[in-house]
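Structure file final22.cif; described as mmCIF, C-alpha atoms.
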```cif
data_start
#
loop_
_atom_site.label_atom_id
_atom_site.label_comp_id
_atom_site.auth_asym_id
_atom_site.auth_seq_id
_atom_site.Cartn_x
_atom_site.Cartn_y
_atom_site.Cartn_z
CA GLY A 100 51.46 141.56 -67.78
CA ARG A 101 54.49 143.55 -68.93
CA ASN A 102 54.67 147.30 -68.18
CA ALA A 103 51.66 146.82 -65.97
CA ARG A 104 49.97 149.49 -63.85
CA ILE A 105 48.30 147.79 -60.91
CA THR A 106 46.54 149.40 -57.95
CA ASN A 107 44.90 147.33 -55.24
CA ARG A 108 42.50 149.05 -52.83
CA ARG A 109 40.70 145.96 -51.59
CA ASP A 110 41.46 142.59 -49.99
CA ILE A 111 43.20 139.83 -51.95
CA THR A 112 43.30 136.33 -50.47
CA VAL A 113 45.12 133.51 -52.25
CA THR A 114 45.60 129.94 -51.01
CA SER A 115 47.52 127.09 -52.61
CA ASP A 116 47.47 123.57 -51.15
CA ALA A 117 49.47 120.64 -52.52
CA ALA A 118 49.24 117.31 -50.71
CA GLY A 119 50.26 113.87 -51.83
CA GLY A 120 51.05 110.43 -50.50
CA SER A 121 52.81 107.36 -51.87
CA VAL A 122 52.60 103.87 -50.36
CA ALA A 123 54.55 100.86 -51.65
CA THR A 124 54.28 97.33 -50.25
CA ALA A 125 56.19 94.24 -51.33
CA ASP A 126 55.05 91.12 -49.50
CA ALA A 127 56.97 88.40 -51.29
CA GLY A 128 55.95 85.56 -49.02
CA TYR A 129 57.89 82.55 -50.31
CA ILE A 130 59.55 84.55 -53.08
CA SER A 131 63.24 85.18 -52.52
CA ARG A 132 63.26 88.99 -52.86
CA GLY A 133 60.93 91.80 -51.81
CA ARG A 134 61.46 95.37 -53.03
CA ALA A 135 59.20 98.39 -52.32
CA ILE A 136 59.88 101.94 -53.52
CA ALA A 137 57.65 104.93 -52.64
CA THR A 138 58.35 108.41 -54.07
CA ILE A 139 56.28 111.59 -53.82
CA GLY A 140 56.85 115.29 -54.51
CA THR A 141 54.51 118.23 -53.88
CA ASP A 142 54.95 121.87 -54.90
CA ALA A 143 52.61 124.68 -53.76
CA ARG A 144 53.10 128.19 -55.15
CA ALA A 145 51.01 131.35 -55.00
CA SER A 146 51.32 135.12 -55.39
CA GLY A 147 48.92 137.90 -54.49
CA ILE A 148 49.85 140.43 -57.18
CA VAL A 149 52.07 139.62 -60.18
CA ALA A 150 53.55 141.91 -62.85
CA ASP A 151 55.52 139.78 -65.30
CA GLY A 152 58.17 142.27 -66.40
CA GLY A 153 58.99 145.60 -67.95
CA GLN A 154 58.72 148.92 -66.14
CA SER A 155 55.74 147.98 -64.05
CA GLU A 156 54.09 150.03 -61.32
CA VAL A 157 52.32 148.32 -58.42
CA ALA A 158 50.49 150.09 -55.60
CA ASN A 159 48.93 148.20 -52.70
CA ARG A 160 46.51 150.05 -50.45
CA GLY A 161 44.51 147.03 -49.34
CA GLU A 162 45.35 143.73 -47.68
CA VAL A 163 47.11 140.91 -49.52
CA THR A 164 47.06 137.51 -47.82
CA VAL A 165 48.87 134.53 -49.35
CA THR A 166 48.93 131.04 -47.83
CA VAL A 167 50.79 128.08 -49.33
CA ASN A 168 50.85 124.56 -47.91
CA ALA A 169 52.81 121.57 -49.25
CA ASP A 170 52.54 118.14 -47.65
CA ALA A 171 54.29 114.98 -48.87
CA SER A 172 54.25 111.53 -47.29
CA ALA A 173 55.98 108.35 -48.51
CA ARG A 174 55.79 104.91 -46.87
CA SER A 175 57.35 101.64 -47.98
CA TYR A 176 57.31 98.12 -46.55
CA ALA A 177 59.05 94.97 -47.78
CA ASP A 178 59.01 91.32 -46.74
CA ALA A 179 60.74 88.33 -48.35
CA GLU A 180 61.58 84.70 -47.64
CA ASN A 181 65.36 84.93 -47.90
CA PRO A 182 67.31 87.04 -45.39
CA ASP A 183 68.99 90.27 -46.48
CA THR A 184 66.80 90.54 -49.59
CA GLU A 185 64.15 92.95 -48.30
CA VAL A 186 64.48 96.47 -49.69
CA ALA A 187 62.30 99.45 -48.72
CA ASN A 188 63.01 102.93 -50.10
CA SER A 189 60.93 106.06 -49.41
CA THR A 190 61.48 109.59 -50.71
CA ALA A 191 59.25 112.58 -49.88
CA THR A 192 59.83 116.14 -51.11
CA ALA A 193 57.64 119.14 -50.24
CA ARG A 194 58.12 122.74 -51.38
CA ALA A 195 55.96 125.77 -50.55
CA ARG A 196 56.68 129.22 -52.02
CA GLY A 197 54.56 132.35 -51.59
CA HIS A 198 54.83 136.01 -52.66
CA GLY A 199 52.72 138.96 -51.64
CA ILE A 200 53.77 141.12 -54.61
CA ALA A 201 56.05 139.82 -57.38
CA THR A 202 57.43 141.71 -60.38
CA GLY A 203 59.71 140.57 -63.20
CA ASP A 204 62.79 142.00 -64.83
CA GLY A 205 62.98 145.50 -66.23
CA GLY A 206 62.84 147.86 -63.26
CA SER A 207 59.64 148.23 -61.24
CA LEU A 208 58.07 150.75 -58.91
CA VAL A 209 56.35 149.05 -55.97
CA VAL A 210 54.63 151.02 -53.21
CA SER A 211 52.73 149.30 -50.42
CA GLY A 212 50.85 151.29 -47.83
CA GLY A 213 48.56 148.43 -46.96
CA VAL A 214 49.04 145.00 -45.41
CA ILE A 215 50.93 141.99 -46.79
CA VAL A 216 50.74 138.63 -45.00
CA VAL A 217 52.46 135.53 -46.40
CA THR A 218 52.54 132.09 -44.77
CA ALA A 219 54.46 129.16 -46.27
CA ASP A 220 54.30 125.69 -44.73
CA ALA A 221 56.11 122.57 -46.02
CA VAL A 222 55.94 119.12 -44.40
CA ALA A 223 57.74 116.02 -45.68
CA GLN A 224 57.58 112.55 -44.11
CA ALA A 225 59.36 109.41 -45.31
CA HIS A 226 59.14 106.02 -43.60
CA ALA A 227 60.86 102.81 -44.71
CA ASN A 228 60.33 99.48 -42.99
CA THR A 229 61.23 95.84 -43.63
CA GLU A 230 60.02 92.76 -41.81
CA ASP A 231 63.52 91.60 -40.87
CA ASN A 232 65.19 95.00 -40.57
CA ASP A 233 67.07 94.59 -43.85
CA GLN A 234 67.70 97.42 -46.34
CA GLU A 235 65.74 100.53 -45.36
CA LEU A 236 66.34 104.00 -46.81
CA ALA A 237 64.14 107.04 -46.08
CA LYS A 238 64.71 110.56 -47.42
CA ALA A 239 62.62 113.62 -46.54
CA SER A 240 63.12 117.17 -47.78
CA ALA A 241 60.95 120.22 -46.94
CA THR A 242 61.48 123.75 -48.26
CA ALA A 243 59.32 126.75 -47.30
CA GLU A 244 59.91 130.20 -48.81
CA GLY A 245 57.90 133.34 -48.14
CA PHE A 246 58.46 136.82 -49.59
CA GLY A 247 56.51 140.00 -49.00
CA ILE A 248 57.71 141.95 -52.04
CA VAL A 249 60.10 140.42 -54.59
CA THR A 250 61.37 141.99 -57.81
CA GLY A 251 63.48 140.86 -60.74
CA SER A 252 66.58 142.46 -62.21
CA GLY A 253 66.69 146.12 -63.16
CA GLY A 254 66.57 149.40 -61.27
CA ASP A 255 63.71 148.80 -58.87
CA PHE A 256 62.21 151.32 -56.46
CA VAL A 257 60.37 149.75 -53.52
CA VAL A 258 58.59 151.56 -50.69
CA ASN A 259 56.87 149.94 -47.74
CA ALA A 260 54.71 152.31 -45.72
CA GLY A 261 52.41 149.64 -44.34
CA SER A 262 53.02 146.28 -42.70
CA ILE A 263 54.64 143.11 -44.02
CA SER A 264 54.42 139.85 -42.07
CA ILE A 265 56.10 136.68 -43.33
CA GLU A 266 56.18 133.25 -41.68
CA SER A 267 57.83 130.18 -43.20
CA ARG A 268 57.68 126.73 -41.58
CA ALA A 269 59.47 123.58 -42.75
CA SER A 270 59.41 120.13 -41.18
CA ALA A 271 61.13 116.95 -42.41
CA THR A 272 60.90 113.53 -40.77
CA ALA A 273 62.52 110.28 -41.92
CA THR A 274 62.50 106.87 -40.23
CA GLY A 275 64.35 103.68 -41.19
CA LYS A 276 67.78 102.10 -40.83
CA ALA A 277 69.32 104.76 -43.09
CA THR A 278 67.78 108.23 -43.13
CA ALA A 279 68.35 111.68 -44.59
CA GLN A 280 66.19 114.65 -43.70
CA THR A 281 66.54 118.28 -44.74
CA ALA A 282 64.35 121.22 -43.79
CA SER A 283 64.82 124.80 -44.97
CA ALA A 284 62.70 127.88 -44.18
CA THR A 285 63.22 131.34 -45.70
CA ALA A 286 61.19 134.43 -44.78
CA VAL A 287 62.04 137.76 -46.43
CA GLY A 288 60.15 141.04 -46.26
CA ILE A 289 61.58 142.74 -49.37
CA ALA A 290 63.92 141.10 -51.91
CA THR A 291 65.19 142.72 -55.10
CA GLY A 292 67.16 141.29 -58.01
CA ASP A 293 70.28 142.56 -59.76
CA GLY A 294 70.55 146.27 -60.54
CA ASN A 295 70.67 149.64 -58.81
CA ASP A 296 67.72 149.23 -56.49
CA THR A 297 66.25 151.56 -53.88
CA ILE A 298 64.37 150.23 -50.86
CA ILE A 299 62.61 152.53 -48.40
CA ASN A 300 60.88 151.11 -45.35
CA ARG A 301 58.61 153.44 -43.42
CA GLY A 302 56.37 150.74 -42.03
CA THR A 303 56.89 147.44 -40.20
CA ILE A 304 58.41 144.17 -41.42
CA THR A 305 58.17 140.97 -39.39
CA THR A 306 59.74 137.69 -40.48
CA THR A 307 59.64 134.28 -38.79
CA GLU A 308 61.45 131.11 -39.83
CA VAL A 309 60.61 127.79 -38.17
CA ILE A 310 62.59 124.61 -38.95
CA ASN A 311 61.41 121.34 -37.40
CA GLY A 312 59.57 123.29 -34.71
CA VAL A 313 62.53 125.51 -33.84
CA THR A 314 62.42 129.25 -34.54
#
```
Target encoding structure tokens, full file:
Amino acid sequence: GRNARITNRRDITVTSDAAGGSVATADAGYISRGRAIATIGTDARASGIVADGGQSEVANRGEVTVTVNADASARSYADAENPDTEVANSTATARARGHGIATGDGGSLVVSGGVIVVTADAVAQAHANTEDNDQELAKASATAEGFGIVTGSGGDFVVNAGSISIESRASATATGKATAQTASATAVGIATGDGNDTIINRGTITTTEVINGVT
């Protein structure tokens, strides 16, 4: 809540999984046109400790583990009697976003002497296929974002005296005659919003970003 006073001395484990698939098939046979459209979007979000806003104070002396996984798959297939009339469109969008500690606007004091581990994984796959290799469009977009400590606007004071480990992985695959694929991975140990902020790191911060299998 607002103006919260939160102290964690134990283990917090949070997991968010979002998975979805879309399959579209148009088998027109003797009909002149065949059109198949498959669209899917998944969004996984999770935070270990949240203080909505105001002059909040958060102390972490335990271990906060946050894992978010988003998986989206779209497949389309079209067949028709007449040539150049088969249309297959597939769009898959996956987004995974995780925070260890998150505070809102107003100026917060955050002190972590414990452990924060955040893993964000987003996978998007789009496949478009037609019997006669006609009109095929596949779009895949994957976004993975992981933050150890994130604050809103205001004069924040953040101290890390423990360990923060963030890993974000994004993978996008598209197959068809025309394709578009975008993968983005962001891993940040400490991020603050607008204002006169102070960040002190006396511990360790490790961040890893993996895009389509490449670090």
To verify the selection step, state as a list in words which residues the PyMOL selection byres ((chain A and resi 233) around 10) yields on this input. Ala177, Asp178, Ala179, Pro182, Asp183, Thr184, Glu185, Val186, Ala187, Asn228, Thr229, Glu230, Asp231, Asn232, Gln234, Glu235, Leu236, Gly275 and Lys276 of chain A
Filtering to C-alpha atoms, could you give me those residues as a tab-separated table (two decimals), keeping the file's coordinate frame?
```tsv
chain	number	residue	atom	x	y	z
A	177	ALA	CA	59.05	94.97	-47.78
A	178	ASP	CA	59.01	91.32	-46.74
A	179	ALA	CA	60.74	88.33	-48.35
A	182	PRO	CA	67.31	87.04	-45.39
A	183	ASP	CA	68.99	90.27	-46.48
A	184	THR	CA	66.80	90.54	-49.59
A	185	GLU	CA	64.15	92.95	-48.30
A	186	VAL	CA	64.48	96.47	-49.69
A	187	ALA	CA	62.30	99.45	-48.72
A	228	ASN	CA	60.33	99.48	-42.99
A	229	THR	CA	61.23	95.84	-43.63
A	230	GLU	CA	60.02	92.76	-41.81
A	231	ASP	CA	63.52	91.60	-40.87
A	232	ASN	CA	65.19	95.00	-40.57
A	234	GLN	CA	67.70	97.42	-46.34
A	235	GLU	CA	65.74	100.53	-45.36
A	236	LEU	CA	66.34	104.00	-46.81
A	275	GLY	CA	64.35	103.68	-41.19
A	276	LYS	CA	67.78	102.10	-40.83
```
For Thr303 of chain A, which residue among A:Ser211, A:Ser252, A:Thr274, A:Thr281 is the nearest when counting all atoms listed in the file? A:Ser211
Suppose you want the space between atom CA of Ala201 of chain A and atom CA of Ser146 of chain A; what is it in Å?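 Atom CA of Ser146 of chain A lies 7.0 Å from atom CA of Ala201 of chain A.
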Would you write out, as a count of residues only, every residue that the PyMOL selection byres ((chain A and resi 198) around 6) captures in this file? 6
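If you apply the PyMOL selection byres ((chain A and resi 105) around 7) to this structure, you end up with Ala103, Arg104, Thr106, Asn107, Glu156, Val157 and Ala158 of chain A.
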Selected residue of minimal separation from His226 of chain A among A:Arg174, A:Lys238, A:Arg196, A:Arg132, counting all atoms listed in the file: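 Of A:Arg174, A:Lys238, A:Arg196, A:Arg132, the one nearest His226 of chain A is A:Arg174, counting all atoms listed in the file.
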Selection near Val287 of chain A, 10 Å with only C-alpha atoms, sequence-local residues under 2 positions removed, as a list in words: His198, Val217, Glu244, Gly245, Phe246, Gly247, Ile248, Val249, Ile263, Ser264, Ile265, Glu266, Ser267, Thr285, Ile289, Ala290, Ile304, Thr305, Thr306, Thr307 and Glu308 of chain A
Keeping C-alpha atoms for every residue in the selection just given, could you write it to a file as a PDB file, keeping the file's coordinate frame?
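Output file selection.pdb follows:
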```
ATOM      1  CA  HIS A 198      54.830 136.010 -52.660  1.00  0.00           C
ATOM      2  CA  VAL A 217      52.460 135.530 -46.400  1.00  0.00           C
ATOM      3  CA  GLU A 244      59.910 130.200 -48.810  1.00  0.00           C
ATOM      4  CA  GLY A 245      57.900 133.340 -48.140  1.00  0.00           C
ATOM      5  CA  PHE A 246      58.460 136.820 -49.590  1.00  0.00           C
ATOM      6  CA  GLY A 247      56.510 140.000 -49.000  1.00  0.00           C
ATOM      7  CA  ILE A 248      57.710 141.950 -52.040  1.00  0.00           C
ATOM      8  CA  VAL A 249      60.100 140.420 -54.590  1.00  0.00           C
ATOM      9  CA  ILE A 263      54.640 143.110 -44.020  1.00  0.00           C
ATOM     10  CA  SER A 264      54.420 139.850 -42.070  1.00  0.00           C
ATOM     11  CA  ILE A 265      56.100 136.680 -43.330  1.00  0.00           C
ATOM     12  CA  GLU A 266      56.180 133.250 -41.680  1.00  0.00           C
ATOM     13  CA  SER A 267      57.830 130.180 -43.200  1.00  0.00           C
ATOM     14  CA  THR A 285      63.220 131.340 -45.700  1.00  0.00           C
ATOM     15  CA  ILE A 289      61.580 142.740 -49.370  1.00  0.00           C
ATOM     16  CA  ALA A 290      63.920 141.100 -51.910  1.00  0.00           C
ATOM     17  CA  ILE A 304      58.410 144.170 -41.420  1.00  0.00           C
ATOM     18  CA  THR A 305      58.170 140.970 -39.390  1.00  0.00           C
ATOM     19  CA  THR A 306      59.740 137.690 -40.480  1.00  0.00           C
ATOM     20  CA  THR A 307      59.640 134.280 -38.790  1.00  0.00           C
ATOM     21  CA  GLU A 308      61.450 131.110 -39.830  1.00  0.00           C
TER      22      GLU A 308
END
```
Would you work out the distance separating atom CA of Ala171 of chain A from atom CA of Ala135 of chain A, expressed in Å to one decimal? 17.6 Å
Measure the distance from atom CA of Val258 of chain A to atom CA of Arg301 of chain A in Å and round it to one decimal.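 About the pair atom CA of Val258 of chain A and atom CA of Arg301 of chain A: they are 7.5 Å apart.
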Find the residue from A:Val167, A:Val216, A:Ala193, A:Val210 that sits nearest to Gln280 of chain A; use all atoms listed in the file when measuring. A:Ala193
For Ser115 of chain A, please output as a PyMOL selection string all residues within 9 Å (counting all atoms listed in the file; exclusion window: fewer than 4 positions along the same chain). chain A and resi 143-145+165-169+195+197
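Residue nearest Ala223 of chain A within the list A:Ile298, A:Ala117, A:Val257, A:Ala125: A:Ala117 [criterion: smallest interatomic distance, all atoms listed in the file].
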